Structures are given as structure tokens and as C-alpha cells.
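Enquirer: My file is protein_9.cif. It has mmCIF, C-alpha atoms:
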```
data_my_file
#
loop_
_atom_site.group_PDB
_atom_site.id
_atom_site.type_symbol
_atom_site.label_atom_id
_atom_site.label_comp_id
_atom_site.auth_asym_id
_atom_site.auth_seq_id
_atom_site.Cartn_x
_atom_site.Cartn_y
_atom_site.Cartn_z
ATOM 1 C CA MET A 1 -0.635 -34.566 10.018
ATOM 2 C CA ALA A 2 0.027 -30.970 8.980
ATOM 3 C CA GLU A 3 -1.421 -28.286 11.200
ATOM 4 C CA PRO A 4 -3.631 -25.664 9.535
ATOM 5 C CA GLN A 5 -2.271 -22.199 8.960
ATOM 6 C CA ILE A 6 -2.799 -19.744 11.794
ATOM 7 C CA LYS A 7 -5.805 -17.560 10.980
ATOM 8 C CA ASP A 8 -5.254 -14.737 13.439
ATOM 9 C CA GLN A 9 -1.913 -13.947 15.025
ATOM 10 C CA ARG A 10 -3.724 -11.938 17.703
ATOM 11 C CA GLY A 11 -6.009 -14.800 18.729
ATOM 12 C CA TRP A 12 -6.818 -15.292 22.377
ATOM 13 C CA ALA A 13 -8.867 -17.557 24.612
ATOM 14 C CA PRO A 14 -10.377 -16.783 28.024
ATOM 15 C CA VAL A 15 -9.069 -18.989 30.813
ATOM 16 C CA ASP A 16 -10.812 -18.853 34.173
ATOM 17 C CA THR A 17 -8.512 -18.164 37.124
ATOM 18 C CA GLY A 18 -10.102 -21.196 38.754
ATOM 19 C CA TYR A 19 -9.326 -23.398 35.748
ATOM 20 C CA LEU A 20 -7.104 -25.783 37.690
ATOM 21 C CA ASP A 21 -9.586 -25.955 40.579
ATOM 22 C CA ASN A 22 -12.455 -27.275 38.476
ATOM 23 C CA PRO A 23 -13.534 -30.668 39.895
ATOM 24 C CA LYS A 24 -13.084 -32.382 36.531
ATOM 25 C CA MET A 25 -9.628 -30.873 36.153
ATOM 26 C CA LEU A 26 -8.636 -31.928 39.670
ATOM 27 C CA ASP A 27 -9.496 -35.532 38.829
ATOM 28 C CA VAL A 28 -7.473 -35.327 35.624
ATOM 29 C CA LEU A 29 -4.515 -33.742 37.417
ATOM 30 C CA ASP A 30 -4.496 -36.548 39.955
ATOM 31 C CA ALA A 31 -4.192 -39.050 37.115
ATOM 32 C CA SER A 32 -1.943 -37.243 34.615
ATOM 33 C CA GLY A 33 -0.339 -33.823 34.455
ATOM 34 C CA THR A 34 0.157 -34.108 30.699
ATOM 35 C CA ALA A 35 -3.557 -34.770 30.193
ATOM 36 C CA ALA A 36 -4.341 -31.453 31.897
ATOM 37 C CA LEU A 37 -1.836 -29.708 29.642
ATOM 38 C CA MET A 38 -3.390 -31.399 26.617
ATOM 39 C CA HIS A 39 -6.775 -29.949 27.521
ATOM 40 C CA LEU A 40 -5.333 -26.443 27.858
ATOM 41 C CA ALA A 41 -3.456 -26.892 24.581
ATOM 42 C CA SER A 42 -6.682 -27.946 22.857
ATOM 43 C CA VAL A 43 -8.517 -24.831 24.085
ATOM 44 C CA LEU A 44 -5.746 -22.524 22.893
ATOM 45 C CA TYR A 45 -5.379 -24.325 19.578
ATOM 46 C CA CYS A 46 -9.084 -24.115 18.766
ATOM 47 C CA ALA A 47 -9.171 -20.416 19.620
ATOM 48 C CA GLN A 48 -6.034 -19.675 17.627
ATOM 49 C CA HIS A 49 -7.062 -21.575 14.509
ATOM 50 C CA LEU A 50 -10.775 -20.755 14.720
ATOM 51 C CA THR A 51 -11.949 -24.379 14.682
ATOM 52 C CA ASP A 52 -15.033 -23.754 16.868
ATOM 53 C CA GLY A 53 -13.861 -26.412 19.333
ATOM 54 C CA HIS A 54 -12.901 -29.253 16.979
ATOM 55 C CA ILE A 55 -9.395 -30.721 17.239
ATOM 56 C CA ALA A 56 -7.552 -33.894 16.297
ATOM 57 C CA PRO A 57 -6.250 -35.483 19.533
ATOM 58 C CA GLY A 58 -2.839 -36.063 17.978
ATOM 59 C CA ILE A 59 -2.267 -32.315 17.737
ATOM 60 C CA ALA A 60 -2.715 -31.826 21.474
ATOM 61 C CA ARG A 61 -0.552 -34.866 22.227
ATOM 62 C CA ARG A 62 2.257 -33.557 20.056
ATOM 63 C CA LYS A 63 2.231 -30.143 21.724
ATOM 64 C CA VAL A 64 2.761 -31.422 25.270
ATOM 65 C CA GLY A 65 4.106 -34.938 24.857
ATOM 66 C CA GLY A 66 0.839 -36.628 25.801
ATOM 67 C CA THR A 67 -0.368 -40.166 25.122
ATOM 68 C CA LYS A 68 -3.506 -41.878 23.878
ATOM 69 C CA ASP A 69 -4.193 -42.822 27.492
ATOM 70 C CA ASP A 70 -4.424 -39.085 28.159
ATOM 71 C CA ASP A 71 -6.973 -38.846 25.324
ATOM 72 C CA ARG A 72 -9.131 -41.425 27.044
ATOM 73 C CA LEU A 73 -8.730 -39.728 30.401
ATOM 74 C CA LEU A 74 -10.055 -36.419 29.023
ATOM 75 C CA ILE A 75 -12.926 -38.133 27.196
ATOM 76 C CA ASP A 76 -13.956 -40.128 30.263
ATOM 77 C CA ALA A 77 -13.838 -36.950 32.368
ATOM 78 C CA GLY A 78 -16.198 -35.216 29.919
ATOM 79 C CA MET A 79 -13.646 -32.558 28.998
ATOM 80 C CA TRP A 80 -13.406 -33.856 25.434
ATOM 81 C CA HIS A 81 -16.207 -35.460 23.440
ATOM 82 C CA GLU A 82 -15.725 -38.154 20.846
ATOM 83 C CA PRO A 83 -18.179 -38.802 17.974
ATOM 84 C CA GLY A 84 -21.574 -40.035 19.156
ATOM 85 C CA HIS A 85 -21.458 -38.313 22.569
ATOM 86 C CA ASP A 86 -24.704 -37.341 24.303
ATOM 87 C CA CYS A 87 -23.765 -33.943 25.806
ATOM 88 C CA PRO A 88 -26.769 -31.674 25.078
ATOM 89 C CA THR A 89 -24.746 -28.434 24.946
ATOM 90 C CA CYS A 90 -21.960 -29.495 22.588
ATOM 91 C CA GLU A 91 -21.647 -30.177 18.882
ATOM 92 C CA GLN A 92 -20.714 -33.529 17.449
ATOM 93 C CA PRO A 93 -17.010 -33.518 16.545
ATOM 94 C CA GLU A 94 -15.804 -33.681 12.993
ATOM 95 C CA PRO A 95 -14.489 -37.055 11.732
ATOM 96 C CA ASN A 96 -11.297 -38.211 13.481
ATOM 97 C CA LYS A 97 -11.521 -35.342 15.939
ATOM 98 C CA VAL A 98 -12.793 -34.608 19.422
ATOM 99 C CA TYR A 99 -14.814 -31.644 20.612
ATOM 100 C CA VAL A 100 -13.678 -29.498 23.541
ATOM 101 C CA HIS A 101 -16.541 -29.462 26.046
ATOM 102 C CA ASP A 102 -18.501 -26.163 26.113
ATOM 103 C CA PHE A 103 -15.922 -24.448 23.912
ATOM 104 C CA LEU A 104 -18.411 -22.042 22.326
ATOM 105 C CA GLN A 105 -19.885 -21.217 25.723
ATOM 106 C CA HIS A 106 -16.680 -19.367 26.527
ATOM 107 C CA ASN A 107 -15.158 -18.472 23.141
ATOM 108 C CA ARG A 108 -16.325 -16.520 20.130
ATOM 109 C CA THR A 109 -17.239 -18.435 16.999
ATOM 110 C CA ALA A 110 -14.992 -18.449 13.947
ATOM 111 C CA ALA A 111 -17.535 -16.323 12.065
ATOM 112 C CA LYS A 112 -17.607 -13.701 14.818
ATOM 113 C CA ALA A 113 -13.816 -13.648 15.056
ATOM 114 C CA LYS A 114 -13.571 -13.218 11.285
ATOM 115 C CA ARG A 115 -15.997 -10.286 11.312
ATOM 116 C CA ALA A 116 -14.024 -8.619 14.101
ATOM 117 C CA SER A 117 -10.788 -9.108 12.168
ATOM 118 C CA GLU A 118 -12.322 -7.659 8.993
ATOM 119 C CA ARG A 119 -13.602 -4.617 10.881
ATOM 120 C CA ALA A 120 -10.170 -4.062 12.397
ATOM 121 C CA SER A 121 -8.484 -4.418 9.003
ATOM 122 C CA LYS A 122 -10.943 -2.006 7.413
ATOM 123 C CA ALA A 123 -10.417 0.560 10.157
ATOM 124 C CA ALA A 124 -6.639 0.243 9.846
ATOM 125 C CA LYS A 125 -6.839 0.676 6.065
ATOM 126 C CA GLU A 126 -9.006 3.783 6.422
ATOM 127 C CA ARG A 127 -6.550 5.289 8.906
ATOM 128 C CA TRP A 128 -3.659 4.561 6.552
ATOM 129 C CA GLU A 129 -5.479 6.121 3.590
ATOM 130 C CA ARG A 130 -6.290 9.259 5.601
ATOM 131 C CA GLN A 131 -2.673 9.605 6.687
ATOM 132 C CA ARG A 132 -1.454 9.089 3.136
ATOM 133 C CA ALA A 133 -3.911 11.658 1.801
ATOM 134 C CA GLU A 134 -2.698 14.176 4.370
ATOM 135 C CA GLN A 135 0.921 13.515 3.437
ATOM 136 C CA ASP A 136 0.204 13.795 -0.292
ATOM 137 C CA THR A 137 -1.700 17.094 0.018
ATOM 138 C CA PRO A 138 0.679 19.807 -1.241
ATOM 139 C CA THR A 139 1.293 22.844 0.915
ATOM 140 C CA ASP A 140 1.661 26.397 -0.402
ATOM 141 C CA ALA A 141 5.413 26.003 -0.129
ATOM 142 C CA THR A 142 5.477 22.900 -2.297
ATOM 143 C CA ARG A 143 3.045 24.361 -4.830
ATOM 144 C CA MET A 144 4.917 27.634 -5.317
ATOM 145 C CA PRO A 145 7.778 26.413 -7.549
ATOM 146 C CA ASP A 146 5.365 24.712 -9.938
ATOM 147 C CA ALA A 147 3.152 27.794 -10.055
ATOM 148 C CA LEU A 148 5.894 30.030 -11.429
ATOM 149 C CA HIS A 149 5.938 30.764 -15.128
ATOM 150 C CA PRO A 150 9.353 29.896 -16.638
ATOM 151 C CA ALA A 151 9.799 33.533 -17.670
ATOM 152 C CA MET A 152 9.688 34.534 -13.980
ATOM 153 C CA LEU A 153 12.401 32.113 -12.882
ATOM 154 C CA GLY A 154 15.790 33.468 -11.962
ATOM 155 C CA ASP A 155 19.271 32.761 -13.281
ATOM 156 C CA ASP A 156 19.576 29.486 -11.378
ATOM 157 C CA SER A 157 16.568 28.112 -13.194
ATOM 158 C CA SER A 158 17.937 29.370 -16.500
ATOM 159 C CA ASN A 159 21.195 27.572 -15.866
ATOM 160 C CA ALA A 160 19.327 24.406 -14.981
ATOM 161 C CA GLU A 161 17.277 24.650 -18.166
ATOM 162 C CA ARG A 162 20.393 25.162 -20.237
ATOM 163 C CA GLU A 163 22.053 22.202 -18.544
ATOM 164 C CA LYS A 164 19.070 19.980 -19.325
ATOM 165 C CA GLU A 165 19.091 21.103 -22.938
ATOM 166 C CA ARG A 166 22.831 20.496 -23.171
ATOM 167 C CA LYS A 167 22.460 16.953 -21.835
ATOM 168 C CA ARG A 168 19.586 16.192 -24.187
ATOM 169 C CA GLU A 169 21.542 17.465 -27.150
ATOM 170 C CA GLY A 170 25.012 16.164 -26.421
ATOM 171 C CA GLY A 171 24.730 13.579 -23.671
ATOM 172 C CA GLY A 172 27.273 15.435 -21.542
ATOM 173 C CA SER A 173 29.822 16.355 -24.233
ATOM 174 C CA ARG A 174 29.051 19.066 -26.780
ATOM 175 C CA ARG A 175 29.505 18.011 -30.380
ATOM 176 C CA THR A 176 28.653 21.485 -31.661
ATOM 177 C CA PRO A 177 29.630 24.698 -29.854
ATOM 178 C CA SER A 178 26.743 26.510 -28.222
ATOM 179 C CA ARG A 179 25.920 29.886 -29.701
ATOM 180 C CA PRO A 180 23.476 32.744 -29.208
ATOM 181 C CA LEU A 181 20.200 32.808 -31.084
ATOM 182 C CA PRO A 182 20.982 33.841 -34.678
ATOM 183 C CA GLU A 183 19.203 36.980 -35.855
ATOM 184 C CA SER A 184 18.071 35.068 -38.928
ATOM 185 C CA TRP A 185 16.488 32.233 -36.934
ATOM 186 C CA THR A 186 12.862 31.410 -37.762
ATOM 187 C CA PRO A 187 10.628 28.442 -36.897
ATOM 188 C CA SER A 188 11.143 25.422 -39.122
ATOM 189 C CA PRO A 189 8.473 23.652 -41.218
ATOM 190 C CA SER A 190 8.223 20.995 -38.497
ATOM 191 C CA HIS A 191 7.417 23.731 -35.971
ATOM 192 C CA ILE A 192 4.729 25.099 -38.251
ATOM 193 C CA GLU A 193 3.216 21.630 -38.610
ATOM 194 C CA LYS A 194 3.350 20.962 -34.861
ATOM 195 C CA CYS A 195 1.682 24.262 -33.984
ATOM 196 C CA SER A 196 -0.988 23.702 -36.597
ATOM 197 C CA LYS A 197 -1.829 20.250 -35.241
ATOM 198 C CA GLU A 198 -1.792 21.318 -31.594
ATOM 199 C CA ARG A 199 -3.474 24.692 -32.201
ATOM 200 C CA ILE A 200 -0.544 26.651 -30.770
ATOM 201 C CA ASP A 201 -0.081 30.310 -31.704
ATOM 202 C CA LEU A 202 3.259 29.966 -33.487
ATOM 203 C CA ASP A 203 4.018 33.672 -33.912
ATOM 204 C CA HIS A 204 3.240 34.392 -30.272
ATOM 205 C CA GLU A 205 5.394 31.542 -28.967
ATOM 206 C CA ALA A 206 8.273 32.321 -31.327
ATOM 207 C CA GLU A 207 8.305 35.923 -30.102
ATOM 208 C CA LYS A 208 8.327 34.809 -26.460
ATOM 209 C CA PHE A 209 11.078 32.327 -27.257
ATOM 210 C CA ARG A 210 13.259 35.033 -28.842
ATOM 211 C CA ASN A 211 12.705 37.470 -25.980
ATOM 212 C CA ASN A 212 13.499 34.825 -23.388
ATOM 213 C CA ALA A 213 16.675 33.750 -25.185
ATOM 214 C CA LEU A 214 17.930 37.314 -25.588
ATOM 215 C CA ALA A 215 17.007 38.421 -22.066
ATOM 216 C CA LYS A 216 18.884 35.507 -20.517
ATOM 217 C CA ASP A 217 21.720 35.427 -23.046
ATOM 218 C CA MET A 218 21.017 31.774 -23.643
ATOM 219 C CA ARG A 219 23.316 29.507 -25.647
ATOM 220 C CA TYR A 220 22.303 26.390 -27.540
ATOM 221 C CA ALA A 221 23.996 24.148 -30.039
ATOM 222 C CA ASN A 222 20.708 23.490 -31.824
ATOM 223 C CA TRP A 223 18.167 26.301 -31.670
ATOM 224 C CA ASP A 224 15.554 24.415 -33.679
ATOM 225 C CA ARG A 225 15.625 21.612 -31.114
ATOM 226 C CA ALA A 226 15.460 24.160 -28.304
ATOM 227 C CA PHE A 227 12.310 25.686 -29.791
ATOM 228 C CA THR A 228 10.788 22.216 -30.246
ATOM 229 C CA ASN A 229 11.329 21.609 -26.547
ATOM 230 C CA TRP A 230 9.829 25.018 -25.780
ATOM 231 C CA LEU A 231 6.666 24.134 -27.688
ATOM 232 C CA SER A 232 6.416 20.811 -25.850
ATOM 233 C CA ARG A 233 6.147 22.378 -22.413
ATOM 234 C CA ASP A 234 2.825 22.026 -20.643
ATOM 235 C CA TRP A 235 2.448 25.728 -19.928
ATOM 236 C CA VAL A 236 2.691 26.495 -23.671
ATOM 237 C CA LYS A 237 -0.158 24.096 -24.361
ATOM 238 C CA ARG A 238 -2.213 25.573 -21.526
ATOM 239 C CA THR A 239 -1.719 29.076 -22.932
ATOM 240 C CA SER A 240 -2.762 27.941 -26.409
ATOM 241 C CA ALA A 241 -5.871 26.347 -24.895
ATOM 242 C CA GLY A 242 -6.950 29.692 -23.459
ATOM 243 C CA LEU A 243 -5.789 29.063 -19.871
ATOM 244 C CA ASP A 244 -3.799 31.547 -17.856
ATOM 245 C CA PRO A 245 -0.606 29.655 -16.883
ATOM 246 C CA MET A 246 -0.082 31.970 -13.905
ATOM 247 C CA LYS A 247 -3.613 31.508 -12.590
ATOM 248 C CA ASP A 248 -4.672 28.040 -13.626
ATOM 249 C CA TRP A 249 -1.394 26.131 -13.349
#
```
Please lay out the structure from this file as C-alpha cells.
Expert:
Amino acid sequence: MAEPQIKDQRGWAPVDTGYLDNPKMLDVLDASGTAALMHLASVLYCAQHLTDGHIAPGIARRKVGGTKDDDRLLIDAGMWHEPGHDCPTCEQPEPNKVYVHDFLQHNRTAAKAKRASERASKAAKERWERQRAEQDTPTDATRMPDALHPAMLGDDSSNAEREKERKREGGGSRRTPSRPLPESWTPSPSHIEKCSKERIDLDHEAEKFRNNALAKDMRYANWDRAFTNWLSRDWVKRTSAGLDPMKDW
């Protein structure tokens, strides 16, 4: 017979320090040491698996090497009850099981144990969520790099931007030599269409793009693609929407 899955790894059961001195237990001990162990095993099993005192005798026998004679010894001593018993304080056992005498007089019910476990789980989850929220809250130091407008970034950032553009364009090996922004460069029809759809001020962004390229002596193999990437940046869209990228970013 398969044993049920453990419900609570932290289960416990109260055991009186005078457990072995109980008159019933003394009589059982005189007759069979394994029967006494079977009774203790049944108490612990019921508490661990939240059975409210119901247990199949075979489970207790298997745990301590007991016998069916030990079953009868515990039943006759009134420490276990079989179906049809007349103990006024104990439940009738489930089919093919016995009931541990006065189990619920000394142990919490399965429902109470479940509520306690749910409260503990809820409290642990709330603590974890608070800790995670604290860890995810950005500090001024972590916010600062994102708050900077690209035009304010130094040479290191410019180099990083150029490296990203180079990788996007050539995958690590340049097919076309990079060159400065041609004086004759103007936005392409696709740029005009994109700005029209996204309500971006094309003339304003093109002027900023030229100034940025000249100020940083930037080199690209494909300046049209570079401007497309420029228009795709979030801060460009925020500016076109009327937001101050330095204040609202």
C-alpha cells in the first residue's frame, strides 16, 4: 500500500515527557516493545500526513517491524480504536484503518494545520516581494546614465555608438569604408514617410543629426541607415511628442 505524500515537511507532534510512564503504555511495553514503537509511529505519521488520527495498521507495522499481534495489543489496551468502538471522545476510524486514541485532544486538526501553513506561505511571499521591490528600485546612480541625452555623452559613448552601428551594418567586417557625413546628404523619401507617420519634426532632427555627426567627427558606411536608427531612438520620439528628454526621461 503506497503511503500518501507528505503534506508538511515541518510537521510536528507533541509527545508528553511521561509518555512511556502512562499506565496503558507500561502494560504494552511489558508485552511488546515493538507495539509501543508502533503507537509512537502512528502518532507521528498522523501528525505528519495530517490524517486527523486515522492510520492503516500496516503502515505502523512496516515502520518498526511490528506484527498483527501488536495491532491487537494496542487495540485491546485502548490506544488504537478499530471500527465500531465505543470510546465517547474519539471518531470512528475510516475503512480498513484504526484511530489513534485522543489524537485530536493533543494535536491540531488538518484544517488548522493547513491554515497555519497558508498563512506562513503568504507571509513568506510578501517578504520576498518586498525584498524584490527594494532590489528593483533604481538608485540615483543607476538612473543617471539613462537620464543623459545622447548629445551630452562623451567620446566613450560616441565610440560605443559607432561600434554598434558598425556591427549592425557589417556584422563585424566592413563591406563599405566608413566616411564622414557628405555635405550633400539629405533625408531620404523613406525618412520623410517615417517622420510623417510618427509625427516627428524631420527638419529639426536632421539638423541635430548633422550637428552631432560633425561635432563628433563620426564615420558611417551608410548614412541613410544611421539616420534611420537615429529616428528610431526613444528620446527622438519623446521630443516629437512634446516631452523634454532631459526632464521627463
Enquirer: So, counting all atoms listed in the file, which residue among A:Leu231, A:Ala133, A:Leu214, A:Val15 is closest to Pro187 of chain A?
Expert: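 Once distances to Pro187 of chain A are computed over all atoms listed in the file, the minimum belongs to A:Leu231.
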Enquirer: Under the rule that only C-alpha atoms are counted, which of A:Ser184, A:Thr176, A:Thr228, A:Thr51 is the nearest residue to Glu94 of chain A?
Expert: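 Result for the nearest residue to Glu94 of chain A: A:Thr51.
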Enquirer: Selected by the PyMOL selection byres ((chain A and resi 63-67) around 9) in the shown coordinates: which residues, as a list in words?
Expert: Thr34, Ala35, Leu37, Met38, Ala41, Gly58, Ile59, Ala60, Arg61, Arg62, Lys68, Asp69, Asp70 and Asp71 of chain A
Enquirer: Report the distance between atom CA of Trp80 of chain A and atom CA of Ala113 of chain A in Å, rounded to one decimal place.
Expert: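 Interatomic distance, atom CA of Trp80 of chain A to atom CA of Ala113 of chain A: 22.7 Å.
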Enquirer: Any idea what the distance is between atom CA of Tyr99 of chain A and atom CA of Pro14 of chain A?
Expert: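 About the pair atom CA of Tyr99 of chain A and atom CA of Pro14 of chain A: they are 17.2 Å apart.
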Enquirer: What is the atom CA of Val28 of chain A-atom CA of Ala110 of chain A distance in Å, reported with one decimal?
Expert: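 Value for the atom CA of Val28 of chain A-atom CA of Ala110 of chain A distance: 28.5 Å.
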Enquirer: Extending 6 Å beyond the listed atoms of segment 86-89 of chain A on each side, what axis-aligned box results? I want centre and edge lengths in Å to one decimal, as JSON.
Expert:
```
{"center_x": -25.3, "center_y": -32.9, "center_z": 25.1, "size_x": 15.0, "size_y": 20.9, "size_z": 13.5}
```
Enquirer: Some atoms are absent from segment 48-59 of chain A, so rebuild all heavy atoms and return them as a PDB file, keeping the file's coordinate frame.
Expert:
```
ATOM      1  N   GLN A  48      -7.018 -20.250  18.538  1.00  0.00           N
ATOM      2  CA  GLN A  48      -6.034 -19.675  17.627  1.00  0.00           C
ATOM      3  C   GLN A  48      -6.365 -19.957  16.169  1.00  0.00           C
ATOM      4  O   GLN A  48      -6.246 -19.085  15.311  1.00  0.00           O
ATOM      5  CB  GLN A  48      -4.646 -20.227  17.956  1.00  0.00           C
ATOM      6  CG  GLN A  48      -3.527 -19.626  17.110  1.00  0.00           C
ATOM      7  CD  GLN A  48      -2.181 -20.223  17.456  1.00  0.00           C
ATOM      8  OE1 GLN A  48      -2.079 -21.412  17.756  1.00  0.00           O
ATOM      9  NE2 GLN A  48      -1.143 -19.414  17.428  1.00  0.00           N
ATOM     10  N   HIS A  49      -6.806 -21.167  15.891  1.00  0.00           N
ATOM     11  CA  HIS A  49      -7.062 -21.575  14.509  1.00  0.00           C
ATOM     12  C   HIS A  49      -8.533 -21.492  14.115  1.00  0.00           C
ATOM     13  O   HIS A  49      -8.897 -21.889  13.006  1.00  0.00           O
ATOM     14  CB  HIS A  49      -6.541 -22.994  14.290  1.00  0.00           C
ATOM     15  CG  HIS A  49      -5.048 -23.101  14.425  1.00  0.00           C
ATOM     16  ND1 HIS A  49      -4.176 -22.770  13.422  1.00  0.00           N
ATOM     17  CD2 HIS A  49      -4.283 -23.480  15.481  1.00  0.00           C
ATOM     18  CE1 HIS A  49      -2.927 -22.954  13.834  1.00  0.00           C
ATOM     19  NE2 HIS A  49      -2.965 -23.381  15.075  1.00  0.00           N
ATOM     20  N   LEU A  50      -9.356 -20.979  15.009  1.00  0.00           N
ATOM     21  CA  LEU A  50     -10.775 -20.755  14.720  1.00  0.00           C
ATOM     22  C   LEU A  50     -11.466 -22.034  14.246  1.00  0.00           C
ATOM     23  O   LEU A  50     -12.115 -22.066  13.202  1.00  0.00           O
ATOM     24  CB  LEU A  50     -10.928 -19.647  13.669  1.00  0.00           C
ATOM     25  CG  LEU A  50     -10.251 -18.308  13.998  1.00  0.00           C
ATOM     26  CD1 LEU A  50     -10.461 -17.310  12.867  1.00  0.00           C
ATOM     27  CD2 LEU A  50     -10.754 -17.740  15.310  1.00  0.00           C
ATOM     28  N   THR A  51     -11.343 -23.093  15.053  1.00  0.00           N
ATOM     29  CA  THR A  51     -11.949 -24.379  14.682  1.00  0.00           C
ATOM     30  C   THR A  51     -13.308 -24.594  15.330  1.00  0.00           C
ATOM     31  O   THR A  51     -13.930 -25.641  15.120  1.00  0.00           O
ATOM     32  CB  THR A  51     -11.036 -25.547  15.086  1.00  0.00           C
ATOM     33  OG1 THR A  51     -11.023 -25.661  16.520  1.00  0.00           O
ATOM     34  CG2 THR A  51      -9.617 -25.346  14.568  1.00  0.00           C
ATOM     35  N   ASP A  52     -13.757 -23.639  16.146  1.00  0.00           N
ATOM     36  CA  ASP A  52     -15.033 -23.754  16.868  1.00  0.00           C
ATOM     37  C   ASP A  52     -15.064 -24.951  17.818  1.00  0.00           C
ATOM     38  O   ASP A  52     -16.127 -25.520  18.089  1.00  0.00           O
ATOM     39  CB  ASP A  52     -16.209 -23.839  15.891  1.00  0.00           C
ATOM     40  CG  ASP A  52     -16.564 -22.473  15.310  1.00  0.00           C
ATOM     41  OD1 ASP A  52     -16.077 -21.458  15.840  1.00  0.00           O
ATOM     42  OD2 ASP A  52     -17.326 -22.427  14.324  1.00  0.00           O
ATOM     43  N   GLY A  53     -13.904 -25.362  18.313  1.00  0.00           N
ATOM     44  CA  GLY A  53     -13.861 -26.412  19.333  1.00  0.00           C
ATOM     45  C   GLY A  53     -13.486 -27.787  18.838  1.00  0.00           C
ATOM     46  O   GLY A  53     -13.389 -28.728  19.636  1.00  0.00           O
ATOM     47  N   HIS A  54     -13.253 -27.949  17.544  1.00  0.00           N
ATOM     48  CA  HIS A  54     -12.901 -29.253  16.979  1.00  0.00           C
ATOM     49  C   HIS A  54     -11.380 -29.376  16.874  1.00  0.00           C
ATOM     50  O   HIS A  54     -10.708 -28.476  16.384  1.00  0.00           O
ATOM     51  CB  HIS A  54     -13.517 -29.415  15.590  1.00  0.00           C
ATOM     52  CG  HIS A  54     -15.012 -29.295  15.581  1.00  0.00           C
ATOM     53  ND1 HIS A  54     -15.854 -30.381  15.692  1.00  0.00           N
ATOM     54  CD2 HIS A  54     -15.822 -28.197  15.498  1.00  0.00           C
ATOM     55  CE1 HIS A  54     -17.110 -29.973  15.663  1.00  0.00           C
ATOM     56  NE2 HIS A  54     -17.122 -28.649  15.548  1.00  0.00           N
ATOM     57  N   ILE A  55     -10.840 -30.520  17.305  1.00  0.00           N
ATOM     58  CA  ILE A  55      -9.395 -30.721  17.239  1.00  0.00           C
ATOM     59  C   ILE A  55      -9.087 -32.207  17.122  1.00  0.00           C
ATOM     60  O   ILE A  55      -9.775 -33.054  17.707  1.00  0.00           O
ATOM     61  CB  ILE A  55      -8.692 -30.137  18.489  1.00  0.00           C
ATOM     62  CG1 ILE A  55      -7.167 -30.292  18.379  1.00  0.00           C
ATOM     63  CG2 ILE A  55      -9.234 -30.749  19.759  1.00  0.00           C
ATOM     64  CD1 ILE A  55      -6.397 -29.597  19.497  1.00  0.00           C
ATOM     65  N   ALA A  56      -8.038 -32.512  16.366  1.00  0.00           N
ATOM     66  CA  ALA A  56      -7.552 -33.894  16.297  1.00  0.00           C
ATOM     67  C   ALA A  56      -6.722 -34.161  17.550  1.00  0.00           C
ATOM     68  O   ALA A  56      -5.827 -33.376  17.874  1.00  0.00           O
ATOM     69  CB  ALA A  56      -6.706 -34.087  15.046  1.00  0.00           C
ATOM     70  N   PRO A  57      -6.984 -35.221  18.287  1.00  0.00           N
ATOM     71  CA  PRO A  57      -6.250 -35.483  19.533  1.00  0.00           C
ATOM     72  C   PRO A  57      -4.738 -35.497  19.361  1.00  0.00           C
ATOM     73  O   PRO A  57      -3.996 -35.070  20.253  1.00  0.00           O
ATOM     74  CB  PRO A  57      -6.771 -36.854  19.969  1.00  0.00           C
ATOM     75  CG  PRO A  57      -8.118 -36.968  19.344  1.00  0.00           C
ATOM     76  CD  PRO A  57      -8.003 -36.256  18.033  1.00  0.00           C
ATOM     77  N   GLY A  58      -4.280 -35.985  18.205  1.00  0.00           N
ATOM     78  CA  GLY A  58      -2.839 -36.063  17.978  1.00  0.00           C
ATOM     79  C   GLY A  58      -2.152 -34.711  18.040  1.00  0.00           C
ATOM     80  O   GLY A  58      -0.972 -34.616  18.405  1.00  0.00           O
ATOM     81  N   ILE A  59      -2.858 -33.652  17.687  1.00  0.00           N
ATOM     82  CA  ILE A  59      -2.267 -32.315  17.737  1.00  0.00           C
ATOM     83  C   ILE A  59      -1.963 -31.928  19.179  1.00  0.00           C
ATOM     84  O   ILE A  59      -0.878 -31.433  19.497  1.00  0.00           O
ATOM     85  CB  ILE A  59      -3.208 -31.286  17.083  1.00  0.00           C
ATOM     86  CG1 ILE A  59      -3.318 -31.558  15.581  1.00  0.00           C
ATOM     87  CG2 ILE A  59      -2.720 -29.864  17.335  1.00  0.00           C
ATOM     88  CD1 ILE A  59      -4.313 -30.660  14.866  1.00  0.00           C
TER      89      ILE A  59
END
```
